[in-house]
$ cat structure.txt   # compact mmCIF, C-alpha atoms
# COMPACT_ATOMS: atom_id res chain seq x y z
CA MET A 23 -4.83 -10.99 28.26
CA ARG A 24 -1.51 -10.80 26.50
CA LYS A 25 -1.19 -11.04 22.73
CA LYS A 26 0.65 -13.99 21.28
CA GLU A 27 4.26 -13.12 20.72
CA SER A 28 5.73 -14.60 17.60
CA LYS A 29 9.23 -15.88 17.95
CA LYS A 30 11.85 -14.94 15.41
CA SER A 31 14.38 -17.28 13.91
CA ARG A 32 18.07 -16.57 13.61
CA ILE A 33 17.54 -14.84 10.28
CA GLY A 34 14.75 -12.65 11.66
CA ILE A 35 11.73 -14.35 10.07
CA THR A 36 8.78 -14.88 12.37
CA GLY A 37 7.21 -18.28 12.85
CA PHE A 38 4.17 -17.07 10.93
CA LEU A 39 6.22 -16.30 7.82
CA GLN A 40 8.38 -19.40 8.21
CA LYS A 41 5.29 -21.57 8.07
CA PHE A 42 4.03 -19.91 4.89
CA VAL A 43 7.42 -19.98 3.20
CA LEU A 44 7.72 -23.69 4.01
CA PHE A 45 4.26 -24.46 2.62
CA PHE A 46 4.97 -22.41 -0.50
CA LEU A 47 8.30 -24.17 -1.13
CA ILE A 48 6.77 -27.61 -0.61
CA GLY A 49 4.03 -26.73 -3.08
CA PHE A 50 6.51 -25.16 -5.52
CA PHE A 51 8.71 -28.24 -5.70
CA CYS A 52 5.70 -30.57 -5.92
CA GLY A 53 4.31 -28.46 -8.79
CA ALA A 54 7.66 -28.51 -10.58
CA PHE A 55 7.86 -32.27 -10.11
CA LEU A 56 4.34 -32.76 -11.44
CA TYR A 57 5.11 -30.67 -14.51
CA TYR A 58 8.29 -32.63 -15.10
CA ILE A 59 6.41 -35.93 -14.94
CA PHE A 60 3.54 -34.81 -17.19
CA GLN A 61 5.37 -32.35 -19.45
CA ASN A 62 4.37 -34.14 -22.66
CA SER A 63 0.71 -33.45 -21.89
CA PHE A 64 1.29 -29.69 -21.95
CA GLU A 65 3.39 -29.22 -25.09
CA ASP A 66 0.74 -27.26 -27.01
CA LEU A 67 -0.16 -24.88 -24.17
CA MET A 68 2.69 -22.45 -24.94
CA GLY A 69 1.21 -21.85 -28.40
CA GLN A 70 -2.25 -21.31 -26.93
CA MET A 71 -0.87 -18.80 -24.44
CA GLU A 72 0.89 -16.90 -27.21
CA GLU A 73 -2.38 -16.85 -29.20
CA ASN A 74 -4.22 -15.41 -26.19
CA VAL A 75 -1.68 -12.62 -25.86
CA ALA A 76 -1.92 -11.99 -29.63
CA ASP A 77 -5.74 -11.84 -29.35
CA TRP A 78 -5.38 -9.22 -26.67
CA ALA A 79 -2.85 -7.24 -28.72
CA GLY A 80 -5.22 -7.39 -31.70
CA GLY A 81 -7.85 -5.60 -29.64
CA GLU A 82 -10.26 -8.52 -29.41
CA ARG A 83 -10.57 -8.18 -25.63
CA SER A 84 -11.69 -5.04 -23.86
CA ALA A 85 -10.13 -3.61 -20.70
CA GLY A 86 -13.39 -4.28 -18.86
CA TYR A 87 -13.28 -7.93 -19.85
CA GLU A 88 -9.70 -8.22 -18.62
CA PHE A 89 -10.61 -6.52 -15.32
CA PHE A 90 -13.51 -8.88 -14.65
CA HIS A 91 -11.39 -11.84 -15.72
CA SER A 92 -8.71 -10.80 -13.21
CA LEU A 93 -11.36 -10.15 -10.57
CA TRP A 94 -12.80 -13.64 -11.08
CA ASN A 95 -9.42 -15.40 -11.15
CA HIS A 96 -8.16 -13.83 -7.95
CA GLY A 97 -11.48 -13.03 -6.30
CA LYS A 98 -12.75 -16.57 -5.91
CA TYR A 99 -9.79 -17.50 -3.68
CA PHE A 100 -9.82 -14.20 -1.86
CA ALA A 101 -13.56 -14.33 -1.18
CA LEU A 102 -13.25 -17.91 0.01
CA LEU A 103 -10.51 -16.84 2.42
CA TRP A 104 -12.69 -14.16 3.95
CA LEU A 105 -15.81 -16.36 4.02
CA LEU A 106 -13.93 -19.18 5.73
CA SER A 107 -12.44 -16.74 8.23
CA ALA A 108 -15.66 -17.00 10.22
CA SER A 109 -15.30 -20.76 10.60
CA ARG A 110 -12.79 -23.23 11.96
CA ALA A 111 -11.28 -23.42 8.48
CA LYS A 112 -9.53 -20.11 9.12
CA HIS A 113 -6.68 -22.08 10.67
CA TRP A 114 -6.06 -24.50 7.78
CA TYR A 115 -7.24 -22.63 4.68
CA PRO A 116 -4.30 -20.18 4.57
CA GLN A 117 -1.82 -23.08 4.62
CA ALA A 118 -3.81 -24.95 1.98
CA PHE A 119 -3.99 -21.84 -0.19
CA VAL A 120 -0.24 -21.18 0.08
CA LEU A 121 0.50 -24.84 -0.70
CA TYR A 122 -1.80 -24.65 -3.75
CA THR A 123 -0.24 -21.37 -4.87
CA GLY A 124 3.22 -22.89 -4.55
CA LEU A 125 2.07 -25.87 -6.61
CA ARG A 126 0.76 -23.57 -9.36
CA GLN A 127 3.89 -21.44 -9.35
CA GLY A 128 6.25 -24.43 -9.49
CA PHE A 129 4.26 -25.87 -12.37
CA LEU A 130 4.22 -22.52 -14.17
CA ALA A 131 7.94 -21.89 -13.64
CA LEU A 132 8.92 -25.21 -15.21
CA PHE A 133 6.34 -24.74 -17.96
CA PHE A 134 8.01 -21.50 -19.04
CA VAL A 135 11.57 -22.73 -18.56
CA PHE A 136 10.97 -25.93 -20.55
CA GLY A 137 9.01 -24.06 -23.23
CA ARG A 138 11.40 -21.13 -23.64
CA GLY A 139 14.70 -22.28 -22.23
CA ALA A 140 16.59 -19.88 -19.95
CA GLY A 141 14.46 -16.98 -21.27
CA GLY A 142 11.46 -18.76 -19.79
CA LEU A 143 12.54 -17.56 -16.36
CA LEU A 144 12.02 -13.98 -17.55
CA VAL A 145 8.61 -14.91 -18.96
CA TYR A 146 7.72 -16.56 -15.65
CA LEU A 147 8.69 -13.45 -13.68
CA ALA A 148 6.76 -11.26 -16.14
CA SER A 149 3.69 -13.46 -15.62
CA LEU A 150 3.72 -12.43 -11.96
CA PHE A 151 4.19 -8.73 -12.55
CA PRO A 152 2.71 -6.22 -11.46
CA GLN A 153 -0.23 -7.78 -9.60
CA SER A 154 1.89 -10.01 -7.35
CA LEU A 155 3.63 -6.97 -5.89
CA ILE A 156 0.30 -6.09 -4.30
CA LEU A 157 -1.43 -9.45 -3.98
CA ALA A 158 1.35 -11.30 -2.12
CA PRO A 159 1.57 -8.78 0.76
CA LEU A 160 -2.22 -8.44 0.76
CA TYR A 161 -2.67 -12.18 1.21
CA LEU A 162 -0.02 -12.30 3.93
CA PHE A 163 -1.68 -9.42 5.74
CA SER A 164 -5.08 -11.12 5.38
CA PHE A 165 -3.78 -14.45 6.66
CA HIS A 166 -2.17 -12.79 9.64
CA TRP A 167 -5.14 -10.59 10.43
CA ILE A 168 -7.62 -13.44 10.15
CA THR A 169 -5.67 -16.01 12.16
CA GLU A 170 -3.82 -13.84 14.67
CA ASN A 171 -5.11 -10.29 15.12
CA ARG A 172 -8.84 -10.32 14.72
CA GLN A 173 -10.08 -7.30 16.63
CA LYS A 174 -13.80 -6.61 16.67
CA GLU A 175 -13.59 -2.82 16.66
CA ASN A 176 -11.40 -2.56 13.54
CA ARG A 177 -13.24 -4.91 11.18
CA VAL A 178 -15.03 -2.51 8.83
CA PRO A 179 -12.04 -0.27 8.01
CA VAL A 180 -9.86 -3.34 7.43
CA TYR A 181 -12.48 -4.94 5.15
CA VAL A 182 -12.84 -1.73 3.15
CA LEU A 183 -9.08 -1.17 2.86
CA VAL A 184 -8.38 -4.79 1.90
CA SER A 185 -11.18 -4.69 -0.71
CA LEU A 186 -9.86 -1.48 -2.23
CA VAL A 187 -6.29 -2.76 -2.39
CA PHE A 188 -7.54 -6.01 -3.94
CA LEU A 189 -9.48 -4.10 -6.60
CA ALA A 190 -6.39 -1.96 -7.30
CA ALA A 191 -4.31 -5.13 -7.84
CA CYS A 192 -6.89 -6.48 -10.28
CA LEU A 193 -6.99 -3.14 -12.09
CA LEU A 194 -3.18 -3.11 -12.34
CA GLU A 195 -3.21 -6.61 -13.76
CA SER A 196 -5.89 -5.82 -16.32
CA HIS A 197 -4.05 -2.74 -17.62
CA TYR A 198 -0.36 -3.63 -17.38
CA HIS A 199 0.06 -7.40 -17.21
CA LEU A 200 -0.73 -8.30 -20.81
CA PRO A 201 1.34 -5.48 -22.34
CA ILE A 202 4.30 -6.69 -20.27
CA MET A 203 3.70 -10.28 -21.37
CA GLU A 204 3.45 -9.11 -25.00
CA VAL A 205 6.85 -7.41 -24.75
CA VAL A 206 8.48 -10.43 -23.10
CA LEU A 207 6.94 -12.98 -25.48
$ encode --input "structure.txt" --output "structure tokens"
Amino acid sequence: MRKKESKKSRIGITGFLQKFVLFFLIGFFCGAFLYYIFQNSFEDLMGQMEENVADWAGGERSAGYEFFHSLWNHGKYFALLWLLSASRAKHWYPQAFVLYTGLRQGFLALFFVFGRGAGGLLVYLASLFPQSLILAPLYLFSFHWITENRQKENRVPVYVLVSLVFLAACLLESHYHLPIMEVVL
């Protein structure tokens, strides 16, 4: 049987990526809109975030705590993705996750821009660095592998490699994310 061929658009993006970019953008603009509507409810959150970064800088949180915090924050969605990959939800969960991620990112982008002005864009980008450099491609690979290329003979090496890369992303976040945020804030 022949593998599904993915068609490319005029700009060279496959249908798989087009779908995820579309869902992300829809979520992003919905999240930005929701923040704009309810912005008065979140006025004091910028101060709380700055206090959290100051707590970290003061040495009140250990590196192990930050690692497990990162593991929990990213791991619950990642584990759910892989658990649902054995069910019919493997076809709709990736789109729902990307839509939700877009919603969070749109909300967060406007939160920083409204709280910090034009410099808030730099704070927003710093909030994504360095873990997103690994997590975004890892999620895209996982979505594609789960929905399109699930081969029985290659499961264990893929699971091990994906788990190790995921742990590396969480480790990067726990060691470098907060110092970067401290510099930017």
$ closest_residue --input "structure.txt" --among "A:Gln153, A:Ser164, A:Ser196, A:Thr36" --to "Leu103 in chain A" --atoms "all atoms listed in the file"
A:Ser164
$ closest_residue --input "structure.txt" --among "A:Phe100, A:Tyr146, A:Phe134, A:Phe55" --to "Phe188 in chain A" --atoms "all atoms listed in the file"
A:Phe100
$ atom_distance --input "structure.txt" --atom1 "CA of Ala118 in chain A" --atom2 "CA of Leu160 in chain A"
16.6 Å
$ atom_distance --input "structure.txt" --atom1 "CA of Ile59 in chain A" --atom2 "CA of Phe45 in chain A"
21.1 Å
$ atom_distance --input "structure.txt" --atom1 "CA of Lys98 in chain A" --atom2 "CA of Thr123 in chain A"
13.4 Å
$ closest_residue --input "structure.txt" --among "A:Phe133, A:Leu186, A:Asn176, A:Leu144" --to "Leu67 in chain A" --atoms "only C-alpha atoms"
A:Phe133
$ residues_near_point --input "structure.txt" --point "(12.8, -24.9, -6.7)" --cutoff "12 Å" --atoms "all atoms listed in the file" --output "list in words"
Leu44, Phe46, Leu47, Ile48, Gly49, Phe50, Phe51, Cys52, Gly53, Ala54, Phe55, Gly124, Leu125, Gln127, Gly128, Phe129, Leu130, Ala131 and Leu132 of chain A
$ write_last_selection --input "structure.txt" --atoms "C-alpha atoms" --output "mmCIF file, in the frame of the given file"
data_model
loop_
_atom_site.group_PDB
_atom_site.id
_atom_site.type_symbol
_atom_site.label_atom_id
_atom_site.label_comp_id
_atom_site.auth_asym_id
_atom_site.auth_seq_id
_atom_site.Cartn_x
_atom_site.Cartn_y
_atom_site.Cartn_z
ATOM 1 C CA LEU A 44 7.720 -23.690 4.010
ATOM 2 C CA PHE A 46 4.970 -22.410 -0.500
ATOM 3 C CA LEU A 47 8.300 -24.170 -1.130
ATOM 4 C CA ILE A 48 6.770 -27.610 -0.610
ATOM 5 C CA GLY A 49 4.030 -26.730 -3.080
ATOM 6 C CA PHE A 50 6.510 -25.160 -5.520
ATOM 7 C CA PHE A 51 8.710 -28.240 -5.700
ATOM 8 C CA CYS A 52 5.700 -30.570 -5.920
ATOM 9 C CA GLY A 53 4.310 -28.460 -8.790
ATOM 10 C CA ALA A 54 7.660 -28.510 -10.580
ATOM 11 C CA PHE A 55 7.860 -32.270 -10.110
ATOM 12 C CA GLY A 124 3.220 -22.890 -4.550
ATOM 13 C CA LEU A 125 2.070 -25.870 -6.610
ATOM 14 C CA GLN A 127 3.890 -21.440 -9.350
ATOM 15 C CA GLY A 128 6.250 -24.430 -9.490
ATOM 16 C CA PHE A 129 4.260 -25.870 -12.370
ATOM 17 C CA LEU A 130 4.220 -22.520 -14.170
ATOM 18 C CA ALA A 131 7.940 -21.890 -13.640
ATOM 19 C CA LEU A 132 8.920 -25.210 -15.210
#
$ closest_residue --input "structure.txt" --among "A:Gly142, A:Gly97, A:Gly86, A:Gly37" --to "Leu207 in chain A" --atoms "all atoms listed in the file"
A:Gly142
$ closest_atom_pairs --input "structure.txt" --of "range 76-126 of chain A" --to "range 166-170 of chain A" --cutoff "9 Å" --atoms "only C-alpha atoms" --output "tab-separated table"
residue	atom	partner	partner_atom	distance
A:Leu103	CA	A:Ile168	CA	8.9
A:Trp104	CA	A:Ile168	CA	8.0
A:Ser107	CA	A:Ile168	CA	6.1
A:Ala108	CA	A:Ile168	CA	8.8
A:Lys112	CA	A:Thr169	CA	6.4
A:His113	CA	A:Thr169	CA	6.3
A:Pro116	CA	A:Thr169	CA	8.8
$ residues_around --input "structure.txt" --residues "His197 in chain A" --least-positions-apart "4" --cutoff "12 Å" --atoms "only C-alpha atoms" --output "MDAnalysis selection string"
chainID A and resid 78 83:92 151:153 190:193 201:203
